[in-house]
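Presented below is the structure to which this report refers.
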Amino acid sequence: MSQPLIGSLSMDLDNKWAYLRAAGHEDWESASSYFDIAVPRIVELLGELNLPLTVFLVGRDLDVDEDVRSIKSFDQLPSWEAANHSLNHLPWMHTMSDTEIESEIMTTHDRIISTVGTRPRGFRGPGFSCPAEVLRVLIRNQYTYDASIFPTSMAPIARAVFLARTNLKGEQREKAKKLYGGFASMRNPNRPFMRHEKVDGETFPLQEIPVTTLPFLRTPIHFSYVTFLASFSVTVAKMYFSMSLNMCRMTGTSPSLLLHPPDFLGCEDDSDMAYFPGMKLKREEKLSFMRWALGKFAREFDVRTMLDQTKTLATTDGFVPQPATT
Ligand SMILES: [Zn+2]
């Protein structure tokens, strides 16, 4: 049998306040953290399956002692990488000034170094927003990769659903109309590629690892979407996930799969989260589905952190050099 294809597993460690703010709740700032419930479950399940993890951290939470304590428990995993997910998790980085963008990235960068003790090498923009200035800041600060591309055909649908359900008003609502990119996001590659970005007149390389979608159809395959399907039918969700992994193998797409904390929470864990897709499942149902899906990924692929995945891309056929996309 040939070597298993290399893949990666990451988590956007978005806290409850980020979900509530996106939904337009005015009291989002006073939301409690759910890290103390979700993180131990993540560490336990991934530890059991011997899976590594890249965790995209939001700087705002790195200022809260209890949250930092939860984050440090990722040290119990066989291997984990702390990466940068901006300071305030504002999904409209494309509307910010250069100074604001730099502060969103670098404040979190410094907080990761002072709390976790490692230097972040990867960045993912909240809401998959990826303007050129973000890439320039990453290059100037020796980042290895960006992970802000979500090449899905569902972007316009996801945005319409978001706008229909959120209470955001005024300027924030206008900004949200650009979320997820348009159909243009589908023109982005669905596999890791090398960008070439101009900084101060010189061209530099930066690896891009998109959040993998279903090859060809480009429907989402990240776990929040698959658990959302499971809330209608576990059988259908399992078929869809199995088919997705098969398609990645058949097309030689090195999968980079994405987790969020609510993937480990059931409806009885947090009533504030009931609004969100995939939160109808009971805790036991959700965790048993996640154990099945992550176990399958662990058995069928050589799963690494994203930083470890970037080291292999230049030497495996998962690497496809492409011209920079704008
Ligand atoms: Zn996020």
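We label chains A, B, ... in the order they appear in the structure tokens, count residues from 1 in each chain, and number ligands from 1 in the order shown.
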Taking a cut-off of 12 Å and counting only C-alpha atoms and all ligand atoms, can you build a table that, for each residue of chain A near ligand 1, reports the nearest atom pair and how far apart they are in Å (one decimal), sorted by chain then residue number, as JSON lines?
```
{"residue": "A:Ser10", "atom": "CA", "partner": "ligand 1", "partner_atom_place_in_ligand_line": "1 (Zn)", "distance": 11.3}
{"residue": "A:Met11", "atom": "CA", "partner": "ligand 1", "partner_atom_place_in_ligand_line": "1 (Zn)", "distance": 8.7}
{"residue": "A:Asp12", "atom": "CA", "partner": "ligand 1", "partner_atom_place_in_ligand_line": "1 (Zn)", "distance": 5.0}
{"residue": "A:Leu13", "atom": "CA", "partner": "ligand 1", "partner_atom_place_in_ligand_line": "1 (Zn)", "distance": 6.6}
{"residue": "A:Asp14", "atom": "CA", "partner": "ligand 1", "partner_atom_place_in_ligand_line": "1 (Zn)", "distance": 5.0}
{"residue": "A:Asn15", "atom": "CA", "partner": "ligand 1", "partner_atom_place_in_ligand_line": "1 (Zn)", "distance": 8.5}
{"residue": "A:Lys16", "atom": "CA", "partner": "ligand 1", "partner_atom_place_in_ligand_line": "1 (Zn)", "distance": 10.7}
{"residue": "A:Trp17", "atom": "CA", "partner": "ligand 1", "partner_atom_place_in_ligand_line": "1 (Zn)", "distance": 11.1}
{"residue": "A:Ala18", "atom": "CA", "partner": "ligand 1", "partner_atom_place_in_ligand_line": "1 (Zn)", "distance": 7.7}
{"residue": "A:Tyr19", "atom": "CA", "partner": "ligand 1", "partner_atom_place_in_ligand_line": "1 (Zn)", "distance": 8.8}
{"residue": "A:Arg21", "atom": "CA", "partner": "ligand 1", "partner_atom_place_in_ligand_line": "1 (Zn)", "distance": 11.9}
{"residue": "A:Ala22", "atom": "CA", "partner": "ligand 1", "partner_atom_place_in_ligand_line": "1 (Zn)", "distance": 10.5}
{"residue": "A:Val55", "atom": "CA", "partner": "ligand 1", "partner_atom_place_in_ligand_line": "1 (Zn)", "distance": 10.6}
{"residue": "A:Phe56", "atom": "CA", "partner": "ligand 1", "partner_atom_place_in_ligand_line": "1 (Zn)", "distance": 7.8}
{"residue": "A:Leu57", "atom": "CA", "partner": "ligand 1", "partner_atom_place_in_ligand_line": "1 (Zn)", "distance": 8.6}
{"residue": "A:Val58", "atom": "CA", "partner": "ligand 1", "partner_atom_place_in_ligand_line": "1 (Zn)", "distance": 7.9}
{"residue": "A:Gly59", "atom": "CA", "partner": "ligand 1", "partner_atom_place_in_ligand_line": "1 (Zn)", "distance": 11.5}
{"residue": "A:Ala83", "atom": "CA", "partner": "ligand 1", "partner_atom_place_in_ligand_line": "1 (Zn)", "distance": 11.9}
{"residue": "A:Asn84", "atom": "CA", "partner": "ligand 1", "partner_atom_place_in_ligand_line": "1 (Zn)", "distance": 10.3}
{"residue": "A:His85", "atom": "CA", "partner": "ligand 1", "partner_atom_place_in_ligand_line": "1 (Zn)", "distance": 6.7}
{"residue": "A:Ser86", "atom": "CA", "partner": "ligand 1", "partner_atom_place_in_ligand_line": "1 (Zn)", "distance": 8.8}
{"residue": "A:Leu87", "atom": "CA", "partner": "ligand 1", "partner_atom_place_in_ligand_line": "1 (Zn)", "distance": 10.8}
{"residue": "A:Asn88", "atom": "CA", "partner": "ligand 1", "partner_atom_place_in_ligand_line": "1 (Zn)", "distance": 9.9}
{"residue": "A:His89", "atom": "CA", "partner": "ligand 1", "partner_atom_place_in_ligand_line": "1 (Zn)", "distance": 6.4}
{"residue": "A:Leu90", "atom": "CA", "partner": "ligand 1", "partner_atom_place_in_ligand_line": "1 (Zn)", "distance": 8.8}
{"residue": "A:Pro91", "atom": "CA", "partner": "ligand 1", "partner_atom_place_in_ligand_line": "1 (Zn)", "distance": 8.2}
{"residue": "A:Trp92", "atom": "CA", "partner": "ligand 1", "partner_atom_place_in_ligand_line": "1 (Zn)", "distance": 11.8}
{"residue": "A:Phe123", "atom": "CA", "partner": "ligand 1", "partner_atom_place_in_ligand_line": "1 (Zn)", "distance": 11.0}
{"residue": "A:Arg124", "atom": "CA", "partner": "ligand 1", "partner_atom_place_in_ligand_line": "1 (Zn)", "distance": 8.0}
{"residue": "A:Gly125", "atom": "CA", "partner": "ligand 1", "partner_atom_place_in_ligand_line": "1 (Zn)", "distance": 7.4}
{"residue": "A:Pro126", "atom": "CA", "partner": "ligand 1", "partner_atom_place_in_ligand_line": "1 (Zn)", "distance": 4.6}
{"residue": "A:Gly127", "atom": "CA", "partner": "ligand 1", "partner_atom_place_in_ligand_line": "1 (Zn)", "distance": 6.4}
{"residue": "A:Phe128", "atom": "CA", "partner": "ligand 1", "partner_atom_place_in_ligand_line": "1 (Zn)", "distance": 8.3}
{"residue": "A:Ser129", "atom": "CA", "partner": "ligand 1", "partner_atom_place_in_ligand_line": "1 (Zn)", "distance": 10.5}
{"residue": "A:Ala147", "atom": "CA", "partner": "ligand 1", "partner_atom_place_in_ligand_line": "1 (Zn)", "distance": 11.5}
{"residue": "A:Ser148", "atom": "CA", "partner": "ligand 1", "partner_atom_place_in_ligand_line": "1 (Zn)", "distance": 10.1}
{"residue": "A:Leu258", "atom": "CA", "partner": "ligand 1", "partner_atom_place_in_ligand_line": "1 (Zn)", "distance": 10.4}
{"residue": "A:Leu259", "atom": "CA", "partner": "ligand 1", "partner_atom_place_in_ligand_line": "1 (Zn)", "distance": 10.0}
{"residue": "A:His260", "atom": "CA", "partner": "ligand 1", "partner_atom_place_in_ligand_line": "1 (Zn)", "distance": 8.0}
{"residue": "A:Pro261", "atom": "CA", "partner": "ligand 1", "partner_atom_place_in_ligand_line": "1 (Zn)", "distance": 10.2}
{"residue": "A:Pro262", "atom": "CA", "partner": "ligand 1", "partner_atom_place_in_ligand_line": "1 (Zn)", "distance": 11.7}
```
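Near A:Ser70, within a cut-off of 7 Å and counting only C-alpha atoms, sit the residues Phe35, Asp36 and Val39 of chain A, with same-chain residues fewer than 5 positions away left out.
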Point out the residue among A:Ala38, A:Leu307, A:Ile6, A:Leu294 with the least atom-to-atom distance to A:Ala82, counting only C-alpha atoms.
A:Leu307
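Of the listed residues (A:Ser242, A:Ser103, A:Ser256, A:Thr166), A:Thr166 comes nearest to A:Phe276; the distances count only C-alpha atoms.
Considering only stretch 23-204 of chain A, backbone DSSP assigns strand (DSSP E or B) to Leu53, Thr54, Val55, Phe56, Leu57, Trp80, Glu81, Ala82, Ala83, Asn84, Gly122, Phe123, Tyr145, Asp146, Phe193, Met194, Arg195, His196, Glu197, Lys198, Val199, Glu202, Thr203 and Phe204 of chain A.
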May I have the residues within 12 Å of A:Ala274 as JSON, numbers by chain, using only C-alpha atoms and disregarding those fewer than 6 positions away in the same chain?
{"A": [16, 19, 20, 23, 262, 265, 266, 267, 268, 280, 281, 282]}
May I have the selected residues written with all heavy atoms, as a JSON list (two decimals), in the first residue's frame?
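The resulting selection.json:
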```json
[["chain", "number", "residue", "atom", "x", "y", "z"],
["A", 16, "LYS", "N", -17.01, 32.28, 22.87],
["A", 16, "LYS", "CA", -18.45, 32.54, 22.74],
["A", 16, "LYS", "C", -18.74, 33.99, 22.36],
["A", 16, "LYS", "O", -19.64, 34.26, 21.57],
["A", 16, "LYS", "CB", -19.15, 32.17, 24.05],
["A", 16, "LYS", "CG", -20.66, 32.23, 23.94],
["A", 16, "LYS", "CD", -21.38, 31.48, 25.04],
["A", 16, "LYS", "CE", -21.19, 32.06, 26.40],
["A", 16, "LYS", "NZ", -22.01, 31.36, 27.42],
["A", 19, "TYR", "N", -18.92, 34.53, 18.63],
["A", 19, "TYR", "CA", -20.16, 34.04, 18.02],
["A", 19, "TYR", "C", -21.32, 34.98, 18.31],
["A", 19, "TYR", "O", -22.11, 35.31, 17.43],
["A", 19, "TYR", "CB", -20.50, 32.64, 18.55],
["A", 19, "TYR", "CG", -19.70, 31.53, 17.90],
["A", 19, "TYR", "CD1", -18.48, 31.13, 18.42],
["A", 19, "TYR", "CD2", -20.19, 30.89, 16.77],
["A", 19, "TYR", "CE1", -17.76, 30.10, 17.83],
["A", 19, "TYR", "CE2", -19.48, 29.86, 16.17],
["A", 19, "TYR", "CZ", -18.26, 29.47, 16.71],
["A", 19, "TYR", "OH", -17.55, 28.47, 16.11],
["A", 20, "LEU", "N", -21.40, 35.44, 19.58],
["A", 20, "LEU", "CA", -22.53, 36.30, 19.95],
["A", 20, "LEU", "C", -22.43, 37.66, 19.25],
["A", 20, "LEU", "O", -23.43, 38.21, 18.80],
["A", 20, "LEU", "CB", -22.59, 36.49, 21.47],
["A", 20, "LEU", "CG", -22.87, 35.22, 22.30],
["A", 20, "LEU", "CD1", -23.06, 35.57, 23.78],
["A", 20, "LEU", "CD2", -24.08, 34.45, 21.79],
["A", 23, "ALA", "N", -23.58, 37.41, 15.78],
["A", 23, "ALA", "CA", -25.03, 37.27, 15.68],
["A", 23, "ALA", "C", -25.75, 38.56, 16.05],
["A", 23, "ALA", "O", -26.98, 38.62, 16.04],
["A", 23, "ALA", "CB", -25.48, 36.14, 16.60],
["A", 262, "PRO", "N", -17.37, 24.74, 19.32],
["A", 262, "PRO", "CA", -18.73, 24.18, 19.43],
["A", 262, "PRO", "C", -18.86, 22.77, 18.84],
["A", 262, "PRO", "O", -19.85, 22.09, 19.12],
["A", 262, "PRO", "CB", -19.59, 25.18, 18.62],
["A", 262, "PRO", "CG", -18.82, 26.46, 18.69],
["A", 262, "PRO", "CD", -17.37, 26.06, 18.65],
["A", 265, "LEU", "N", -19.33, 20.73, 21.80],
["A", 265, "LEU", "CA", -20.36, 21.11, 22.76],
["A", 265, "LEU", "C", -21.72, 20.59, 22.30],
["A", 265, "LEU", "O", -22.05, 20.67, 21.11],
["A", 265, "LEU", "CB", -20.44, 22.64, 22.88],
["A", 265, "LEU", "CG", -19.19, 23.38, 23.39],
["A", 265, "LEU", "CD1", -19.43, 24.89, 23.36],
["A", 265, "LEU", "CD2", -18.83, 22.93, 24.79],
["A", 266, "GLY", "N", -22.50, 20.10, 23.25],
["A", 266, "GLY", "CA", -23.86, 19.67, 22.94],
["A", 266, "GLY", "C", -24.85, 20.75, 23.32],
["A", 266, "GLY", "O", -24.49, 21.74, 23.98],
["A", 267, "CYS", "N", -26.13, 20.55, 22.92],
["A", 267, "CYS", "CA", -27.13, 21.59, 23.17],
["A", 267, "CYS", "C", -27.32, 21.85, 24.66],
["A", 267, "CYS", "O", -27.69, 22.95, 25.05],
["A", 267, "CYS", "CB", -28.45, 21.24, 22.50],
["A", 267, "CYS", "SG", -29.10, 19.65, 23.01],
["A", 268, "GLU", "N", -27.05, 20.83, 25.52],
["A", 268, "GLU", "CA", -27.26, 21.04, 26.95],
["A", 268, "GLU", "C", -26.08, 21.75, 27.61],
["A", 268, "GLU", "O", -26.16, 22.14, 28.76],
["A", 268, "GLU", "CB", -27.57, 19.72, 27.67],
["A", 268, "GLU", "CG", -26.47, 18.69, 27.67],
["A", 268, "GLU", "CD", -26.49, 17.77, 26.45],
["A", 268, "GLU", "OE1", -26.38, 18.31, 25.32],
["A", 268, "GLU", "OE2", -26.57, 16.55, 26.61],
["A", 280, "LYS", "N", -27.88, 21.61, 17.69],
["A", 280, "LYS", "CA", -29.09, 20.89, 18.10],
["A", 280, "LYS", "C", -28.75, 19.51, 18.67],
["A", 280, "LYS", "O", -29.55, 18.90, 19.36],
["A", 280, "LYS", "CB", -30.05, 20.75, 16.92],
["A", 280, "LYS", "CG", -30.67, 22.09, 16.54],
["A", 280, "LYS", "CD", -31.97, 21.91, 15.78],
["A", 280, "LYS", "CE", -32.70, 23.24, 15.63],
["A", 280, "LYS", "NZ", -31.84, 24.30, 15.07],
["A", 281, "LEU", "N", -27.56, 18.99, 18.33],
["A", 281, "LEU", "CA", -27.17, 17.65, 18.78],
["A", 281, "LEU", "C", -26.90, 17.65, 20.28],
["A", 281, "LEU", "O", -26.37, 18.61, 20.82],
["A", 281, "LEU", "CB", -25.91, 17.19, 18.06],
["A", 281, "LEU", "CG", -26.02, 16.75, 16.60],
["A", 281, "LEU", "CD1", -24.64, 16.37, 16.08],
["A", 281, "LEU", "CD2", -26.97, 15.57, 16.45],
["A", 282, "LYS", "N", -27.26, 16.53, 20.92],
["A", 282, "LYS", "CA", -26.92, 16.35, 22.34],
["A", 282, "LYS", "C", -25.42, 16.10, 22.46],
["A", 282, "LYS", "O", -24.78, 15.62, 21.53],
["A", 282, "LYS", "CB", -27.69, 15.17, 22.90],
["A", 282, "LYS", "CG", -29.18, 15.44, 23.01],
["A", 282, "LYS", "CD", -29.74, 14.71, 24.24],
["A", 282, "LYS", "CE", -31.11, 15.19, 24.60],
["A", 282, "LYS", "NZ", -32.09, 14.93, 23.53]]
```
